[in-house]
Amino acid sequence: MTDVELLVYADRIGGTIPALAALLDGPLRDFGSVHVLPFYVPFDGADAGFDPVDHTAVDPRLGTWPEVRDLAGDRGLTADLVVNHVSASSVEFTDWLARGAGSPWNGMFLTYGTVFPHGATEAELTAFYRPRPGLPFTGYRGSDGSRHLVWTTFLPSQVDLDVANPVAIAYLRRVLRVLADGGVSTVRLDAVGYAVKTPGTDSFMTPETLAFVEVVTDLARAENLAVLVEVHGHYAQQLAIAPLVDWVYDFALAPLLLHSLGTGTVDRLAHWFEIRPANAVTVLDTHDGIGVIDAGPAGGRPGLLSEAEMAEVFARAAEATHGHSSVASVVPEWSTLPHQINATFFSTLGGDVVAYLVARAVQHFLPGRPQTYYVGLLGGLDDREQFAETGSGRDVNRHRYPAAEVEEALASDVTRAQLGLVRLRSAHPAFDGQFTWSAYGRDVLELRWANAADGSRAVLTVCTARAATSFRIQLADADGSEVLDTVESLAAWTVG
């Protein structure tokens with residue numbers, strides 16, 4: 001059976017690791033795996049935990065390593081390995097600034113001079129791909145007065161590692177060992193696409209990057225950890241990296257579904273089904289928003305969607321959110337479109353429950369591991385107040401749920417129906433069989449699972465026509481057959 005995974009921040013649903021464990025042992029028990037977003041010290045830094053000061057310590061406000069091991073229990077546990085950077089407040093970086101060449105961490109951090117020992121041209125500097133405006137450097141001063149132009153791909157407080165240096169590799173090995181001892185079973189390589197800087201290229205998912213992925217994967221597997229790679233980029237990059245690791249993300253699925261539901265067509269989805277990697281974690285929404293760049297053209301290569309079709313996806317999202325997604329989404333340097341939509345997936349569909357469940361049903365029927373983000377599970381709409389407070393567009397999709405709000409959401413039709421899909425994918429014997437699919441006409445897809453061992457079948461038929469969006473699930477096993485074609489019937493489905 002497939003372990004459907006829940007993606008969460010421990011502090012934003014539950015509040016602590018033990019409280020999250022109670023939810024997973026209770027109303028969310030149908031999830032066989034959980035990905036807990038950074039719970040290290042501090043979990044609430046400048047980048048919501050992706051700027052670890054201490055990557056080997058659980059933030060005591062959330063819990064302890066024994067409590068993390070208890071959370072893992074007999075379910076899968078995914079945690080983030082931040083391979084590109086650490087916090088500028090980390091012991092390693094502050095010690096290097098204080099002691100320079102005398103620091104045991106000397107060589108761990110990437111500087112302008114490391115990459116360009118003889119200087120760089122304007123063309124070389126502007127060739128680098130960066131998801132945020134501006135150049136990726138921040139000036140730091142050592143205690144001896146020395147000046148360093150440190151590589152900071154994301155925020156000035158996130159200092160990049162020199163992953164070609166043995167000191168940085170030793171650091172990553174130590175973190176992996178701690179995670180494995182803490183009950184983690186899968187590590188997600190965060191921002192690995194940016195980790196290797198190669199002059200003369202855009203330094204994103206280059207052959208040098210792929211070589212580094214193999215190095216980190218070997219380190220992780222030495223600790224009996226599976227590897228999930230996070231890469232937002234041209235779909236060909238996912239195809240290239242899939243054979244090297246255990247899991248990749250199917251980030252293209254979300255924009256393709258938005259395109260299908262917006263246009264009433266399924267041809268672009270059908271093409272993706274023909275070529276997508278089977279070892280994919282399927283997602284619609286994540287803590288970083290809804291990736292769209294993954295379906296588009298890049299570097300002269302055609303995309304699954306054209307530039308104009310991508311623009312239409314953004315335009316429909318803006319219409320559904322009354323212009324708010326345009327305000328919250330960021331356009332990277334040297335680009336004409338944002339690389340992601342900062343909105344909840346439910347919001348981009350205008351809160352249409354049936355259209356939302358069509359997308360979720362397709363996600364749960366595809367080969368791979370379905371992963372549901374906690375805001376999406378709870379039917380969350382954009383948190384505009386939080387965005388107004390922080391100014392970070394991604395915060396529209398990072399709502400903090402108090403216990404009463406979680407309880408209310410769990411009783412809603414949209415959440416109950418999604419939990420029905422989780423139970424279905426996790427427990428129905430058909431999903432232990434073979435997957436096939438067909439497209440019919442302009443707007444109909446049929447996704448099928450058939451288990452020859454026991455004759456069980458599960459067939460999903462979806463229609464993306466804008467005036468007649470619908471889903472129909474036909475199930476058959478030793479206990480009989482049934483049809484789920486309403487929100488209520490899906491919400492009520494249980495094993496047996």
# chains A, B, ... in the order shown; residues from 1 in each chain; ligands from 1
>>> select_by_dssp(residues="region 29-169 of chain A", states="alpha helix (DSSP H)", output="VMD selection string")
chain A and resid 65 to 72 91 to 99 112 to 115 122 to 127 166 to 169
>>> write_last_selection(atoms="N, CA, C and O atoms", output="tab-separated table (two decimals), in the first residue's frame")
chain	number	residue	atom	x	y	z
A	65	TRP	N	14.38	15.42	20.73
A	65	TRP	CA	14.63	14.30	19.83
A	65	TRP	C	13.86	13.05	20.23
A	65	TRP	O	13.31	12.35	19.37
A	66	PRO	N	13.76	12.70	21.53
A	66	PRO	CA	12.92	11.54	21.87
A	66	PRO	C	11.47	11.71	21.42
A	66	PRO	O	10.83	10.74	20.99
A	67	GLU	N	10.95	12.94	21.48
A	67	GLU	CA	9.58	13.17	21.02
A	67	GLU	C	9.47	13.08	19.50
A	67	GLU	O	8.45	12.65	18.97
A	68	VAL	N	10.54	13.46	18.80
A	68	VAL	CA	10.56	13.27	17.34
A	68	VAL	C	10.55	11.78	17.02
A	68	VAL	O	9.83	11.32	16.11
A	69	ARG	N	11.32	10.99	17.76
A	69	ARG	CA	11.33	9.54	17.53
A	69	ARG	C	9.96	8.94	17.83
A	69	ARG	O	9.50	8.03	17.13
A	70	ASP	N	9.29	9.45	18.87
A	70	ASP	CA	7.94	8.98	19.17
A	70	ASP	C	6.97	9.34	18.05
A	70	ASP	O	6.08	8.55	17.71
A	71	LEU	N	7.13	10.53	17.49
A	71	LEU	CA	6.29	10.95	16.37
A	71	LEU	C	6.49	10.01	15.19
A	71	LEU	O	5.53	9.61	14.52
A	72	ALA	N	7.74	9.65	14.91
A	72	ALA	CA	8.02	8.75	13.80
A	72	ALA	C	7.32	7.42	14.01
A	72	ALA	O	6.60	6.92	13.13
A	91	VAL	N	26.92	28.77	14.85
A	91	VAL	CA	28.23	28.68	15.50
A	91	VAL	C	29.33	28.60	14.46
A	91	VAL	O	30.39	29.24	14.59
A	92	GLU	N	29.09	27.85	13.40
A	92	GLU	CA	30.11	27.65	12.39
A	92	GLU	C	30.50	28.97	11.70
A	92	GLU	O	31.70	29.28	11.56
A	93	PHE	N	29.49	29.75	11.30
A	93	PHE	CA	29.80	30.98	10.57
A	93	PHE	C	30.37	32.05	11.49
A	93	PHE	O	31.34	32.74	11.13
A	94	THR	N	29.80	32.20	12.68
A	94	THR	CA	30.32	33.22	13.59
A	94	THR	C	31.74	32.90	14.04
A	94	THR	O	32.56	33.80	14.22
A	95	ASP	N	32.04	31.60	14.19
A	95	ASP	CA	33.40	31.21	14.56
A	95	ASP	C	34.37	31.52	13.43
A	95	ASP	O	35.50	31.98	13.66
A	96	TRP	N	33.94	31.28	12.19
A	96	TRP	CA	34.80	31.59	11.06
A	96	TRP	C	35.06	33.09	10.94
A	96	TRP	O	36.20	33.51	10.69
A	97	LEU	N	34.04	33.90	11.16
A	97	LEU	CA	34.25	35.36	11.14
A	97	LEU	C	35.20	35.78	12.24
A	97	LEU	O	36.02	36.70	12.07
A	98	ALA	N	35.11	35.12	13.40
A	98	ALA	CA	35.95	35.50	14.54
A	98	ALA	C	37.38	35.02	14.39
A	98	ALA	O	38.33	35.74	14.76
A	99	ARG	N	37.60	33.83	13.80
A	99	ARG	CA	38.93	33.22	13.82
A	99	ARG	C	39.56	33.01	12.45
A	99	ARG	O	40.74	32.63	12.36
A	112	TYR	N	32.61	35.13	-2.97
A	112	TYR	CA	32.77	35.57	-4.36
A	112	TYR	C	34.12	35.10	-4.89
A	112	TYR	O	34.23	34.58	-6.01
A	113	GLY	N	35.16	35.25	-4.08
A	113	GLY	CA	36.51	34.91	-4.53
A	113	GLY	C	36.71	33.43	-4.75
A	113	GLY	O	37.56	33.02	-5.55
A	114	THR	N	35.94	32.59	-4.03
A	114	THR	CA	36.06	31.15	-4.24
A	114	THR	C	35.62	30.77	-5.64
A	114	THR	O	36.25	29.93	-6.32
A	115	VAL	N	34.53	31.37	-6.09
A	115	VAL	CA	33.99	31.05	-7.41
A	115	VAL	C	34.71	31.82	-8.52
A	115	VAL	O	34.94	31.29	-9.60
A	122	GLU	N	30.35	41.12	-16.19
A	122	GLU	CA	28.94	41.39	-15.96
A	122	GLU	C	28.08	40.23	-16.46
A	122	GLU	O	27.12	39.82	-15.80
A	123	ALA	N	28.43	39.68	-17.61
A	123	ALA	CA	27.67	38.56	-18.16
A	123	ALA	C	27.73	37.34	-17.25
A	123	ALA	O	26.73	36.63	-17.06
A	124	GLU	N	28.90	37.07	-16.65
A	124	GLU	CA	29.03	35.92	-15.75
A	124	GLU	C	28.20	36.11	-14.49
A	124	GLU	O	27.55	35.18	-14.01
A	125	LEU	N	28.20	37.33	-13.96
A	125	LEU	CA	27.46	37.59	-12.73
A	125	LEU	C	25.96	37.51	-12.93
A	125	LEU	O	25.22	36.99	-12.08
A	126	THR	N	25.49	38.02	-14.06
A	126	THR	CA	24.05	38.06	-14.28
A	126	THR	C	23.51	36.76	-14.86
A	126	THR	O	22.30	36.61	-15.02
A	127	ALA	N	24.40	35.82	-15.15
A	127	ALA	CA	23.95	34.52	-15.68
A	127	ALA	C	23.34	33.65	-14.61
A	127	ALA	O	22.52	32.77	-14.90
A	166	PRO	N	35.73	19.84	1.74
A	166	PRO	CA	35.53	18.72	2.66
A	166	PRO	C	34.93	19.13	4.00
A	166	PRO	O	34.24	18.33	4.65
A	167	VAL	N	35.18	20.37	4.43
A	167	VAL	CA	34.62	20.83	5.71
A	167	VAL	C	33.09	20.88	5.62
A	167	VAL	O	32.39	20.48	6.56
A	168	ALA	N	32.56	21.37	4.51
A	168	ALA	CA	31.12	21.43	4.33
A	168	ALA	C	30.53	20.03	4.21
A	168	ALA	O	29.44	19.74	4.75
A	169	ILE	N	31.22	19.13	3.54
A	169	ILE	CA	30.74	17.76	3.41
A	169	ILE	C	30.71	17.07	4.77
A	169	ILE	O	29.76	16.34	5.10
>>> select_by_dssp(residues="region 209-388 of chain A", states="strand (DSSP E)", output="ChimeraX atom specification")
/A:226-229,247-250,280-282,290-291,340-341,369-373
>>> closest_residue(among="A:Asp382, A:Asp162, A:Asp190, A:Asp218", to="Ala317 (chain A)", atoms="only C-alpha atoms")
A:Asp382
>>> closest_residue(among="A:Val178, A:Ala164, A:Ala404, A:Leu284", to="Gly14 (chain A)", atoms="only C-alpha atoms")
A:Ala404
>>> residues_around(residues="Val375 (chain A)", least_positions_apart="2", cutoff="10 Å", atoms="only C-alpha atoms", output="number ranges by chain")
A: 7-8, 12-13, 285-287, 344-346, 372-373, 377-382, 397-401, 409
>>> write_last_selection(atoms="C-alpha atoms", output="short mmCIF file (atom, residue, chain, number, x, y, z; two decimals), in the first residue's frame")
data_model
loop_
_atom_site.label_atom_id
_atom_site.label_comp_id
_atom_site.auth_asym_id
_atom_site.auth_seq_id
_atom_site.Cartn_x
_atom_site.Cartn_y
_atom_site.Cartn_z
CA LEU A 7 3.25 18.08 4.99
CA VAL A 8 3.18 20.26 8.13
CA ARG A 12 1.23 25.87 12.84
CA ILE A 13 -0.95 22.82 13.35
CA ASP A 285 0.41 22.95 -2.83
CA THR A 286 3.41 23.32 -0.54
CA HIS A 287 4.78 25.71 2.07
CA THR A 344 -3.62 28.36 -1.47
CA PHE A 345 -4.66 25.87 -4.14
CA PHE A 346 -8.25 26.09 -2.92
CA THR A 372 -1.09 16.85 1.12
CA TYR A 373 -0.12 20.17 2.68
CA LEU A 377 -6.13 19.44 3.78
CA LEU A 378 -8.00 21.85 6.03
CA GLY A 379 -9.52 23.71 3.09
CA GLY A 380 -7.59 26.87 3.83
CA LEU A 381 -8.08 30.07 1.87
CA ASP A 382 -5.46 32.82 1.64
CA ASN A 397 -0.35 29.76 2.56
CA ARG A 398 1.17 29.25 6.01
CA HIS A 399 -1.81 29.79 8.26
CA ARG A 400 -1.53 29.09 11.99
CA TYR A 401 -4.38 26.87 13.14
CA ALA A 409 -11.95 22.20 9.60
#
>>> residues_around(residues="Thr415 (chain A)", least_positions_apart="2", cutoff="9 Å", atoms="only C-alpha atoms", output="list in words")
Gly376, Leu377, Leu378, Gly379, Ala409, Leu410, Ala411, Ser412, Asp413, Ala417, Gln418, Leu419, Gly420 and Ala491 of chain A
>>> residues_around(residues="region 470-479 of chain A", least_positions_apart="6", cutoff="6 Å", atoms="only C-alpha atoms", output="MDAnalysis selection string")
chainID A and resid 358 456:463 485
>>> write_last_selection(atoms="N, CA, C and O atoms", output="short mmCIF file (atom, residue, chain, number, x, y, z; two decimals), in the first residue's frame")
data_model
loop_
_atom_site.label_atom_id
_atom_site.label_comp_id
_atom_site.auth_asym_id
_atom_site.auth_seq_id
_atom_site.Cartn_x
_atom_site.Cartn_y
_atom_site.Cartn_z
N VAL A 358 -11.61 17.20 -7.75
CA VAL A 358 -11.13 16.63 -9.02
C VAL A 358 -9.60 16.63 -9.03
O VAL A 358 -8.96 15.62 -9.35
N SER A 456 -9.23 -6.82 -7.72
CA SER A 456 -9.74 -5.52 -7.30
C SER A 456 -9.40 -4.45 -8.32
O SER A 456 -8.40 -4.54 -9.04
N ARG A 457 -10.28 -3.43 -8.40
CA ARG A 457 -10.11 -2.35 -9.36
C ARG A 457 -10.52 -1.02 -8.72
O ARG A 457 -11.40 -0.97 -7.86
N ALA A 458 -9.85 0.04 -9.17
CA ALA A 458 -10.24 1.40 -8.79
C ALA A 458 -10.10 2.26 -10.04
O ALA A 458 -9.01 2.33 -10.62
N VAL A 459 -11.18 2.89 -10.46
CA VAL A 459 -11.18 3.67 -11.69
C VAL A 459 -11.70 5.08 -11.38
O VAL A 459 -12.80 5.24 -10.85
N LEU A 460 -10.88 6.06 -11.71
CA LEU A 460 -11.26 7.47 -11.54
C LEU A 460 -11.53 8.07 -12.91
O LEU A 460 -10.69 8.00 -13.81
N THR A 461 -12.72 8.64 -13.07
CA THR A 461 -13.05 9.38 -14.29
C THR A 461 -13.31 10.83 -13.90
O THR A 461 -14.13 11.09 -13.02
N VAL A 462 -12.57 11.75 -14.53
CA VAL A 462 -12.78 13.16 -14.24
C VAL A 462 -13.10 13.89 -15.54
O VAL A 462 -12.59 13.56 -16.61
N CYS A 463 -13.96 14.90 -15.40
CA CYS A 463 -14.27 15.79 -16.51
C CYS A 463 -13.85 17.19 -16.09
O CYS A 463 -14.22 17.65 -15.00
N ASP A 485 -19.23 9.45 -6.28
CA ASP A 485 -19.29 10.54 -7.25
C ASP A 485 -19.85 11.84 -6.66
O ASP A 485 -20.20 12.76 -7.40
#
>>> atom_distance(atom1="CA of Ser329 (chain A)", atom2="CA of Gly368 (chain A)")
28.7 Å
